[in-house]
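K.L.:
My structure is stored as structure_32.cif, with mmCIF, C-alpha atoms and all ligand atoms.
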```cif
data_model
#
loop_
_atom_site.group_PDB
_atom_site.id
_atom_site.type_symbol
_atom_site.label_atom_id
_atom_site.label_comp_id
_atom_site.auth_asym_id
_atom_site.auth_seq_id
_atom_site.Cartn_x
_atom_site.Cartn_y
_atom_site.Cartn_z
ATOM 1 C CA MET B 196 0.000 0.000 0.000
ATOM 2 C CA ARG B 197 1.336 3.439 -0.916
ATOM 3 C CA LEU B 198 -0.690 6.247 0.526
ATOM 4 C CA VAL B 199 -0.667 9.814 1.711
ATOM 5 C CA PHE B 200 -2.571 11.251 4.655
ATOM 6 C CA PHE B 201 -3.393 14.793 3.697
ATOM 7 C CA GLY B 202 -5.106 17.591 5.606
ATOM 8 C CA PRO B 203 -4.670 20.711 7.706
ATOM 9 C CA PRO B 204 -2.620 20.789 10.898
ATOM 10 C CA GLY B 205 -4.459 18.898 13.610
ATOM 11 C CA ALA B 206 -6.680 16.996 11.178
ATOM 12 C CA GLY B 207 -5.614 13.725 12.802
ATOM 13 C CA LYS B 208 -3.079 12.551 10.191
ATOM 14 C CA GLY B 209 -0.545 11.355 12.762
ATOM 15 C CA THR B 210 -3.144 9.709 14.999
ATOM 16 C CA GLN B 211 -4.706 7.793 12.116
ATOM 17 C CA ALA B 212 -1.356 6.930 10.525
ATOM 18 C CA ARG B 213 -0.209 5.267 13.744
ATOM 19 C CA LEU B 214 -3.390 3.181 13.948
ATOM 20 C CA LEU B 215 -3.134 2.102 10.318
ATOM 21 C CA LYS B 216 0.555 1.334 10.615
ATOM 22 C CA GLU B 217 -0.086 -1.012 13.541
ATOM 23 C CA ARG B 218 -2.995 -2.747 11.868
ATOM 24 C CA PHE B 219 -1.277 -3.393 8.517
ATOM 25 C CA HIS B 220 2.439 -3.273 9.430
ATOM 26 C CA LEU B 221 3.153 -0.261 7.282
ATOM 27 C CA HIS B 222 5.984 2.250 7.416
ATOM 28 C CA HIS B 223 4.875 5.616 8.763
ATOM 29 C CA ILE B 224 6.892 8.504 7.366
ATOM 30 C CA SER B 225 5.995 11.789 9.047
ATOM 31 C CA THR B 226 8.009 14.773 7.889
ATOM 32 C CA GLY B 227 7.031 16.644 11.061
ATOM 33 C CA ASP B 228 8.477 13.814 13.202
ATOM 34 C CA LEU B 229 11.623 13.557 11.054
ATOM 35 C CA LEU B 230 12.206 17.300 11.283
ATOM 36 C CA ARG B 231 11.568 17.427 15.049
ATOM 37 C CA THR B 232 14.033 14.553 15.555
ATOM 38 C CA ALA B 233 16.609 16.432 13.475
ATOM 39 C CA ILE B 234 16.057 19.530 15.632
ATOM 40 C CA ARG B 235 16.400 17.516 18.846
ATOM 41 C CA GLU B 236 19.625 15.948 17.583
ATOM 42 C CA ASN B 237 20.844 19.312 16.321
ATOM 43 C CA THR B 238 21.778 17.948 12.889
ATOM 44 C CA PRO B 239 22.410 20.341 9.951
ATOM 45 C CA VAL B 240 18.831 19.653 8.736
ATOM 46 C CA GLY B 241 17.514 20.409 12.220
ATOM 47 C CA GLN B 242 19.467 23.662 12.391
ATOM 48 C CA GLN B 243 18.029 24.760 9.051
ATOM 49 C CA ALA B 244 14.451 23.700 9.866
ATOM 50 C CA ARG B 245 14.079 25.036 13.402
ATOM 51 C CA ALA B 246 13.172 28.664 12.664
ATOM 52 C CA TYR B 247 10.586 27.710 10.032
ATOM 53 C CA ILE B 248 8.821 25.235 12.315
ATOM 54 C CA GLU B 249 8.806 27.585 15.278
ATOM 55 C CA ALA B 250 7.218 30.275 13.088
ATOM 56 C CA GLY B 251 4.624 27.862 11.674
ATOM 57 C CA GLU B 252 6.012 28.207 8.150
ATOM 58 C CA LEU B 253 6.861 25.475 5.676
ATOM 59 C CA VAL B 254 10.439 24.228 5.648
ATOM 60 C CA PRO B 255 12.031 24.748 2.185
ATOM 61 C CA ASP B 256 11.211 22.063 -0.385
ATOM 62 C CA ASP B 257 14.788 20.958 -1.049
ATOM 63 C CA ILE B 258 15.355 20.044 2.622
ATOM 64 C CA VAL B 259 12.079 18.161 2.988
ATOM 65 C CA ASN B 260 12.321 16.398 -0.370
ATOM 66 C CA ARG B 261 15.767 15.108 0.501
ATOM 67 C CA ILE B 262 14.758 13.594 3.850
ATOM 68 C CA VAL B 263 11.663 11.960 2.378
ATOM 69 C CA MET B 264 13.498 10.420 -0.586
ATOM 70 C CA GLU B 265 16.101 9.005 1.809
ATOM 71 C CA ALA B 266 13.394 7.553 4.051
ATOM 72 C CA LEU B 267 11.504 6.053 1.101
ATOM 73 C CA GLU B 268 14.606 4.527 -0.401
ATOM 74 C CA ALA B 269 15.501 2.944 2.930
ATOM 75 C CA ILE B 270 12.189 1.046 2.985
ATOM 76 C CA GLY B 271 12.096 0.047 -0.697
ATOM 77 C CA CYS B 272 9.432 2.642 -1.647
ATOM 78 C CA ASP B 273 6.480 0.432 -0.694
ATOM 79 C CA ASN B 274 4.060 -0.238 2.175
ATOM 80 C CA PHE B 275 4.143 3.302 3.457
ATOM 81 C CA ILE B 276 1.953 6.074 4.767
ATOM 82 C CA LEU B 277 3.256 9.557 4.118
ATOM 83 C CA ASP B 278 1.997 11.955 6.783
ATOM 84 C CA GLY B 279 2.420 15.699 6.262
ATOM 85 C CA TYR B 280 4.137 15.285 2.897
ATOM 86 C CA PRO B 281 3.778 16.481 0.187
ATOM 87 C CA ARG B 282 2.730 19.991 1.137
ATOM 88 C CA THR B 283 3.547 21.953 -2.012
ATOM 89 C CA ILE B 284 3.055 21.316 -5.726
ATOM 90 C CA PHE B 285 6.818 21.066 -6.142
ATOM 91 C CA GLN B 286 7.013 18.381 -3.418
ATOM 92 C CA ALA B 287 4.158 16.462 -5.051
ATOM 93 C CA LYS B 288 5.813 16.490 -8.459
ATOM 94 C CA THR B 289 9.167 15.492 -6.993
ATOM 95 C CA LEU B 290 7.503 12.591 -5.189
ATOM 96 C CA ASP B 291 5.694 11.417 -8.321
ATOM 97 C CA THR B 292 8.866 11.451 -10.398
ATOM 98 C CA PHE B 293 10.768 9.630 -7.668
ATOM 99 C CA LEU B 294 8.173 6.864 -7.200
ATOM 100 C CA GLU B 295 7.692 6.444 -10.955
ATOM 101 C CA GLY B 296 11.416 5.684 -11.123
ATOM 102 C CA PHE B 297 10.667 2.595 -9.002
ATOM 103 C CA SER B 298 7.370 1.824 -10.823
ATOM 104 C CA LYS B 299 5.608 2.308 -7.472
ATOM 105 C CA PRO B 300 3.240 5.250 -7.890
ATOM 106 C CA LEU B 301 1.007 6.543 -5.117
ATOM 107 C CA GLN B 302 -2.288 4.642 -4.897
ATOM 108 C CA VAL B 303 -4.438 6.930 -2.796
ATOM 109 C CA VAL B 304 -4.346 10.326 -1.103
ATOM 110 C CA ILE B 305 -6.766 10.477 1.817
ATOM 111 C CA SER B 306 -7.702 14.007 2.764
ATOM 112 C CA LEU B 307 -9.092 14.445 6.282
ATOM 113 C CA GLU B 308 -11.601 17.293 6.216
ATOM 114 C CA VAL B 309 -11.867 19.183 9.506
ATOM 115 C CA ARG B 310 -13.244 22.677 10.211
ATOM 116 C CA ASP B 311 -10.909 25.379 11.558
ATOM 117 C CA GLU B 312 -12.639 25.670 14.948
ATOM 118 C CA VAL B 313 -12.267 21.917 15.527
ATOM 119 C CA ILE B 314 -8.589 22.131 14.582
ATOM 120 C CA VAL B 315 -7.913 24.894 17.078
ATOM 121 C CA ALA B 316 -9.693 22.903 19.818
ATOM 122 C CA ARG B 317 -7.619 19.821 18.998
ATOM 123 C CA LEU B 318 -4.234 21.498 18.767
ATOM 124 C CA SER B 319 -4.527 23.730 21.805
ATOM 125 C CA ARG B 320 -5.234 20.661 23.992
ATOM 126 C CA ARG B 321 -2.744 18.306 22.278
ATOM 127 C CA ARG B 322 0.146 16.915 24.299
ATOM 128 C CA VAL B 323 2.993 14.704 23.109
ATOM 129 C CA ASN B 324 5.368 12.222 24.673
ATOM 130 C CA LYS B 325 8.737 13.867 24.133
ATOM 131 C CA LEU B 326 10.530 10.514 23.920
ATOM 132 C CA THR B 327 8.207 8.514 21.675
ATOM 133 C CA GLY B 328 6.370 11.298 19.820
ATOM 134 C CA GLU B 329 3.045 9.657 20.759
ATOM 135 C CA ASN B 330 0.166 12.160 20.456
ATOM 136 C CA TYR B 331 -2.464 12.708 23.116
ATOM 137 C CA HIS B 332 -5.379 15.029 23.688
ATOM 138 C CA LEU B 333 -6.191 16.156 27.211
ATOM 139 C CA ASP B 334 -9.936 15.559 26.693
ATOM 140 C CA PHE B 335 -10.334 12.973 23.912
ATOM 141 C CA ASN B 336 -7.243 10.814 24.239
ATOM 142 C CA PRO B 337 -5.497 11.537 27.554
ATOM 143 C CA PRO B 338 -1.967 10.280 28.281
ATOM 144 C CA PRO B 339 -2.063 6.904 30.094
ATOM 145 C CA PRO B 340 -1.376 7.100 33.853
ATOM 146 C CA ASP B 341 1.817 4.989 33.546
ATOM 147 C CA VAL B 342 3.576 7.638 31.416
ATOM 148 C CA PRO B 343 5.610 9.933 33.718
ATOM 149 C CA PRO B 344 4.080 13.464 33.598
ATOM 150 C CA GLU B 345 7.485 15.067 32.925
ATOM 151 C CA LEU B 346 7.571 13.301 29.532
ATOM 152 C CA ILE B 347 4.284 14.890 28.460
ATOM 153 C CA ILE B 348 4.846 18.259 26.814
ATOM 154 C CA GLN B 349 3.058 20.753 24.593
ATOM 155 C CA ARG B 350 4.567 21.273 21.133
ATOM 156 C CA GLU B 351 6.163 24.698 20.634
ATOM 157 C CA ASP B 352 4.132 25.211 17.463
ATOM 158 C CA ASP B 353 0.824 24.484 19.223
ATOM 159 C CA ARG B 354 0.682 28.019 20.628
ATOM 160 C CA PRO B 355 -2.385 29.937 19.299
ATOM 161 C CA GLU B 356 -0.451 32.434 17.145
ATOM 162 C CA VAL B 357 1.611 29.654 15.529
ATOM 163 C CA ILE B 358 -1.503 27.518 14.955
ATOM 164 C CA ARG B 359 -2.985 30.461 13.011
ATOM 165 C CA GLN B 360 0.165 30.744 10.898
ATOM 166 C CA ARG B 361 0.182 26.977 10.167
ATOM 167 C CA LEU B 362 -3.448 27.110 9.078
ATOM 168 C CA GLU B 363 -2.659 29.996 6.773
ATOM 169 C CA ALA B 364 0.313 28.145 5.260
ATOM 170 C CA TYR B 365 -1.942 25.136 4.706
ATOM 171 C CA LYS B 366 -4.615 27.167 2.912
ATOM 172 C CA LYS B 367 -2.179 29.078 0.749
ATOM 173 C CA ARG B 368 0.363 26.437 -0.200
ATOM 174 C CA THR B 369 -0.962 22.963 0.606
ATOM 175 C CA GLU B 370 -4.708 22.904 0.015
ATOM 176 C CA PRO B 371 -4.279 23.609 -3.741
ATOM 177 C CA LEU B 372 -2.678 20.157 -3.968
ATOM 178 C CA LYS B 373 -6.145 18.666 -3.742
ATOM 179 C CA VAL B 374 -6.796 19.845 -7.306
ATOM 180 C CA TYR B 375 -3.546 18.181 -8.413
ATOM 181 C CA TYR B 376 -4.494 14.811 -6.900
ATOM 182 C CA ARG B 377 -8.142 15.084 -7.939
ATOM 183 C CA LYS B 378 -6.991 15.419 -11.561
ATOM 184 C CA LYS B 379 -4.913 12.284 -11.120
ATOM 185 C CA GLY B 380 -8.013 10.487 -9.816
ATOM 186 C CA ILE B 381 -6.447 9.368 -6.525
ATOM 187 C CA LEU B 382 -7.886 11.909 -4.059
ATOM 188 C CA ARG B 383 -10.412 10.639 -1.507
ATOM 189 C CA GLU B 384 -11.889 13.215 0.857
ATOM 190 C CA ILE B 385 -13.346 11.983 4.117
ATOM 191 C CA ASN B 386 -14.923 13.608 7.125
ATOM 192 C CA GLY B 387 -12.154 13.905 9.736
ATOM 193 C CA GLU B 388 -14.520 14.935 12.529
ATOM 194 C CA GLY B 389 -16.067 12.536 15.026
ATOM 195 C CA THR B 390 -14.219 10.146 17.303
ATOM 196 C CA ILE B 391 -10.811 8.710 16.434
ATOM 197 C CA GLU B 392 -12.468 5.298 15.951
ATOM 198 C CA GLU B 393 -15.149 6.701 13.636
ATOM 199 C CA VAL B 394 -12.557 8.385 11.434
ATOM 200 C CA PHE B 395 -10.492 5.191 11.369
ATOM 201 C CA GLU B 396 -13.545 3.220 10.189
ATOM 202 C CA ARG B 397 -14.049 5.703 7.340
ATOM 203 C CA ILE B 398 -10.425 5.294 6.317
ATOM 204 C CA LEU B 399 -10.747 1.499 6.313
ATOM 205 C CA ARG B 400 -13.854 1.800 4.144
ATOM 206 C CA VAL B 401 -11.977 3.915 1.575
ATOM 207 C CA LEU B 402 -9.037 1.510 1.507
ATOM 208 C CA LYS B 403 -11.444 -1.374 0.989
ATOM 209 C CA GLU B 404 -13.228 0.454 -1.852
ATOM 210 C CA GLU B 405 -9.843 1.087 -3.441
ATOM 211 C CA GLY B 406 -9.097 -2.627 -3.248
ATOM 212 C CA LEU B 407 -6.104 -2.051 -0.972
ATOM 213 C CA ILE B 408 -7.316 -4.069 2.020
ATOM 214 C CA VAL B 409 -9.661 -6.922 2.788
ATOM 215 C CA LEU B 410 -11.551 -6.599 6.061
ATOM 216 C CA PRO B 411 -11.479 -9.694 8.353
ATOM 217 C CA SER B 412 -15.204 -10.473 7.915
ATOM 218 C CA GLU B 413 -14.685 -10.872 4.150
ATOM 219 C CA LYS B 414 -11.674 -13.188 4.215
HETATM 220 P P1 LIG S 1 3.609 18.338 11.256
HETATM 221 O O1 LIG S 1 4.138 17.698 12.465
HETATM 222 O O2 LIG S 1 3.360 17.517 10.040
HETATM 223 O O3 LIG S 1 2.310 19.122 11.688
HETATM 224 P P2 LIG S 1 0.913 19.303 10.982
HETATM 225 O O4 LIG S 1 0.687 18.908 9.600
HETATM 226 O O5 LIG S 1 0.661 20.722 11.291
HETATM 227 O O6 LIG S 1 0.083 18.248 11.665
HETATM 228 P P3 LIG S 1 -0.061 17.952 13.140
HETATM 229 O O7 LIG S 1 0.994 17.020 13.611
HETATM 230 O O8 LIG S 1 -0.211 19.234 13.925
HETATM 231 O O9 LIG S 1 -1.512 17.325 13.166
HETATM 232 P P4 LIG S 1 -2.058 15.924 12.665
HETATM 233 O O10 LIG S 1 -2.918 16.117 11.474
HETATM 234 O O11 LIG S 1 -0.983 14.891 12.600
HETATM 235 O O12 LIG S 1 -3.041 15.649 13.891
HETATM 236 P P5 LIG S 1 -2.828 14.720 15.173
HETATM 237 O O13 LIG S 1 -3.072 13.313 14.813
HETATM 238 O O14 LIG S 1 -1.569 15.070 15.869
HETATM 239 O O15 LIG S 1 4.541 19.534 10.790
HETATM 240 C C1 LIG S 1 5.064 20.465 11.716
HETATM 241 C C2 LIG S 1 5.873 21.510 10.964
HETATM 242 O O16 LIG S 1 6.977 20.877 10.261
HETATM 243 C C3 LIG S 1 5.121 22.276 9.872
HETATM 244 O O17 LIG S 1 4.403 23.379 10.403
HETATM 245 C C4 LIG S 1 6.279 22.703 8.950
HETATM 246 O O18 LIG S 1 6.977 23.779 9.497
HETATM 247 C C5 LIG S 1 7.191 21.493 8.985
HETATM 248 N N1 LIG S 1 6.887 20.522 7.916
HETATM 249 C C6 LIG S 1 6.410 19.257 8.074
HETATM 250 N N2 LIG S 1 6.240 18.653 6.885
HETATM 251 C C7 LIG S 1 6.606 19.563 5.937
HETATM 252 C C8 LIG S 1 6.632 19.543 4.525
HETATM 253 N N3 LIG S 1 6.214 18.465 3.816
HETATM 254 N N4 LIG S 1 7.043 20.659 3.877
HETATM 255 C C9 LIG S 1 7.456 21.749 4.554
HETATM 256 N N5 LIG S 1 7.462 21.836 5.909
HETATM 257 C C10 LIG S 1 7.035 20.758 6.594
HETATM 258 O O19 LIG S 1 -4.077 15.237 16.035
HETATM 259 C C11 LIG S 1 -4.082 16.529 16.612
HETATM 260 C C12 LIG S 1 -4.705 16.442 18.038
HETATM 261 O O20 LIG S 1 -6.076 16.061 17.916
HETATM 262 C C13 LIG S 1 -4.060 15.392 18.956
HETATM 263 O O21 LIG S 1 -4.116 15.886 20.266
HETATM 264 C C14 LIG S 1 -4.974 14.149 18.804
HETATM 265 O O22 LIG S 1 -4.966 13.330 19.974
HETATM 266 C C15 LIG S 1 -6.333 14.817 18.590
HETATM 267 N N6 LIG S 1 -7.221 14.066 17.707
HETATM 268 C C16 LIG S 1 -6.901 13.411 16.561
HETATM 269 N N7 LIG S 1 -8.008 12.880 15.998
HETATM 270 C C17 LIG S 1 -9.039 13.231 16.794
HETATM 271 C C18 LIG S 1 -10.446 12.981 16.764
HETATM 272 N N8 LIG S 1 -11.018 12.271 15.765
HETATM 273 N N9 LIG S 1 -11.214 13.501 17.749
HETATM 274 C C19 LIG S 1 -10.650 14.219 18.758
HETATM 275 N N10 LIG S 1 -9.339 14.464 18.855
HETATM 276 C C20 LIG S 1 -8.543 13.988 17.892
#
```
Take the structure in this file and express it as structure tokens.

P.N.:
Amino acid sequence: MRLVFFGPPGAGKGTQARLLKERFHLHHISTGDLLRTAIRENTPVGQQARAYIEAGELVPDDIVNRIVMEALEAIGCDNFILDGYPRTIFQAKTLDTFLEGFSKPLQVVISLEVRDEVIVARLSRRRVNKLTGENYHLDFNPPPPDVPPELIIQREDDRPEVIRQRLEAYKKRTEPLKVYYRKKGILREINGEGTIEEVFERILRVLKEEGLIVLPSEK
């Protein structure tokens, strides 16, 4: 399976990607996670990316393209979920050319549709495990009691003014990609609101309709 989870910040891409990865043993490639790891480890990529992420702006294409191509190559360009990539037309075209070189084109782009007010409510109450990157929500998906509280932090870019900037970057530079993937016939838009389980069920339904999975009851 070769798919992209697409959608605004806070749409639930990471949450759903982790569930799908576990269920089908896929590789989960999140550019946000890769960039945050690079920042934590203070690598040259991390040093370049830090200011952009803290300001809620997109990291330049050449940096992001390079880390994604490396990650894809390392896993043989198959059985992956891309989360948070591509985010610009240039990234999308680079990805297409790269995957075509391996005769492994993208099969589906699932866009999670969530209204702005729901996004703000999700992101302002999100918490993450600073060691594992696991996402939580103080109301809908609280951190388990066995995780030490000092590991649970709020992301720097989940402050209200940065959330606004990220939403703006999404609308200006990323949302137009929907037209690109619609023309290719691989865009599937689903309602990203409702419980985590409800959204997951909708994703499974799309993957089944696309012939990418068989649900247990049909085996
Ligand atoms: P990135 O980490 O990719 O952030 P994002 O796209 O803004 O997405 P988020 O991680 O904020 O949200 P999500 O959709 O994964 O939602 P989640 O599942 O966490 O990127 C960060 C930055 O890196 C960017 O701003 C940019 O600077 C840079 N960057 C990354 N990729 C780039 C690229 N390709 N090009 C250039 N720059 C790039 O859910 C959010 C919260 O809601 C959580 O608390 C979760 O528990 C909760 N939640 C999830 N689903 C539900 C539900 N159904 N009901 C209730 N709560 C829910």

K.L.:
Could you pull the residues within 9 Å of Pro355 of chain B, counting only C-alpha atoms, minus those fewer than 4 positions along the same chain, as a ChimeraX atom specification?

P.N.:
/B:315,318-319,359-360

K.L.:
Determine, counting only C-alpha atoms, which protein, DNA and RNA residues have an atom within 8 Å of an atom of segment 383-399 of chain B; residues of the same chain fewer than 2 positions away are not included. Present the result as a VMD selection string.

P.N.:
chain B and resid 206 to 207 210 to 211 214 303 to 309 313 381 401 to 403 408

K.L.:
Once you count all atoms listed in the file, which residues end up within 7 Å of ligand LIG 1 (chain S), and could you hand them over as a PyMOL selection string?

P.N.:
chain B and resi 202-211+225-228+230+247-248+251-256+259+278-283+317-318+320-322+330-332+335-336+361+387-391+394

K.L.:
For segment 318-327 of chain B, take all atoms listed in the file, fit an axis-aligned box around them, add 8 Å to each of the six sides, then output centre and edge lengths in Å rounded to one decimal, as JSON.

P.N.:
```
{"center_x": 2.6, "center_y": 16.1, "center_z": 21.7, "size_x": 31.8, "size_y": 31.2, "size_z": 21.9}
```

K.L.:
List the neighbours of Glu345 of chain B out to 10 Å using all atoms listed in the file; skip same-chain residues closer than 3 positions along the sequence, and give me the result as a list in words.

P.N.:
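So the residues in contact are Asn324, Lys325, Val342 and Ile348 of chain B.
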
K.L.:
Choose the residue, out of B:His223, B:Lys373, B:Lys366, B:Arg218, that has the smallest atom-to-atom separation from Leu277 of chain B; count all atoms listed in the file.

P.N.:
B:His223

K.L.:
Counting only C-alpha atoms, which residue out of B:Gly406, B:Pro411, B:Pro344, B:Pro371 sits closest to Ala287 of chain B?

P.N.:
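Ranking B:Gly406, B:Pro411, B:Pro344, B:Pro371 by distance to Ala287 of chain B, first place goes to B:Pro371.
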
K.L.:
What is the atom CA of Glu351 of chain B-atom CA of Arg235 of chain B distance in Å, reported with one decimal?

P.N.:
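According to the coordinates, atom CA of Glu351 of chain B and atom CA of Arg235 of chain B are separated by 12.6 Å.
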
K.L.:
Looking at only C-alpha atoms, which of B:Gln302, B:Ala244, B:Phe201, B:Leu362 is the one that sits closest to Leu407 of chain B?

P.N.:
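For Leu407 of chain B, the nearest of the given residues is B:Gln302.
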
K.L.:
As an exercise, work out the distance from atom CA of Ile314 of chain B to atom CA of Arg350 of chain B in Å and give it to one decimal place.

P.N.:
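We find that atom CA of Ile314 of chain B and atom CA of Arg350 of chain B lie 14.7 Å from each other.
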
K.L.:
Of the candidates B:Arg368, B:Met196, B:Asp291, B:Pro343, which shows the shortest atom-to-atom distance to Leu215 of chain B, using only C-alpha atoms?

P.N.:
B:Met196

K.L.:
What's the separation between atom CA of Gly296 of chain B and atom CA of Leu372 of chain B, in Å to one decimal place?

P.N.:
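One can read the atom CA of Gly296 of chain B to atom CA of Leu372 of chain B distance as 21.4 Å.
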
K.L.:
Counting only C-alpha atoms, which residue out of B:Val357, B:Arg231, B:Leu290, B:Asp273 sits closest to Asn260 of chain B?

P.N.:
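With only C-alpha atoms as the atom set, the closest residue is B:Leu290.
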
K.L.:
Could segment 363-377 of chain B be completed with N, CA, C and O atoms and written as a compact mmCIF listing (two decimals), in the coordinates of the input, please?

P.N.:
```
# COMPACT_ATOMS: atom_id res chain seq x y z
N GLU B 363 -2.79 29.12 7.94
CA GLU B 363 -2.66 30.00 6.77
C GLU B 363 -1.75 29.36 5.72
O GLU B 363 -2.05 29.37 4.53
N ALA B 364 -0.62 28.80 6.20
CA ALA B 364 0.31 28.14 5.26
C ALA B 364 -0.39 26.99 4.56
O ALA B 364 -0.21 26.76 3.36
N TYR B 365 -1.21 26.27 5.31
CA TYR B 365 -1.94 25.14 4.71
C TYR B 365 -2.85 25.64 3.59
O TYR B 365 -2.85 25.11 2.48
N LYS B 366 -3.62 26.69 3.90
CA LYS B 366 -4.62 27.17 2.91
C LYS B 366 -3.94 27.72 1.67
O LYS B 366 -4.40 27.50 0.55
N LYS B 367 -2.84 28.43 1.88
CA LYS B 367 -2.18 29.08 0.75
C LYS B 367 -1.38 28.09 -0.10
O LYS B 367 -1.48 28.09 -1.32
N ARG B 368 -0.63 27.22 0.55
CA ARG B 368 0.36 26.44 -0.20
C ARG B 368 0.04 24.96 -0.32
O ARG B 368 0.51 24.29 -1.25
N THR B 369 -0.75 24.42 0.61
CA THR B 369 -0.96 22.96 0.61
C THR B 369 -2.33 22.57 0.06
O THR B 369 -2.43 21.64 -0.75
N GLU B 370 -3.37 23.30 0.45
CA GLU B 370 -4.71 22.90 0.02
C GLU B 370 -4.84 22.82 -1.51
O GLU B 370 -5.53 21.93 -2.02
N PRO B 371 -4.17 23.71 -2.28
CA PRO B 371 -4.28 23.61 -3.74
C PRO B 371 -3.85 22.24 -4.30
O PRO B 371 -4.22 21.89 -5.42
N LEU B 372 -3.10 21.49 -3.50
CA LEU B 372 -2.68 20.16 -3.97
C LEU B 372 -3.86 19.22 -4.19
O LEU B 372 -3.74 18.22 -4.91
N LYS B 373 -4.97 19.54 -3.56
CA LYS B 373 -6.14 18.67 -3.74
C LYS B 373 -6.55 18.63 -5.21
O LYS B 373 -6.95 17.60 -5.73
N VAL B 374 -6.45 19.78 -5.87
CA VAL B 374 -6.80 19.84 -7.31
C VAL B 374 -5.84 18.93 -8.09
O VAL B 374 -6.27 18.18 -8.97
N TYR B 375 -4.58 18.99 -7.74
CA TYR B 375 -3.55 18.18 -8.41
C TYR B 375 -3.88 16.69 -8.30
O TYR B 375 -3.86 15.95 -9.29
N TYR B 376 -4.23 16.25 -7.08
CA TYR B 376 -4.49 14.81 -6.90
C TYR B 376 -5.89 14.42 -7.41
O TYR B 376 -6.09 13.28 -7.83
N ARG B 377 -6.81 15.39 -7.39
CA ARG B 377 -8.14 15.08 -7.94
C ARG B 377 -8.00 14.80 -9.43
O ARG B 377 -8.59 13.86 -9.96
```
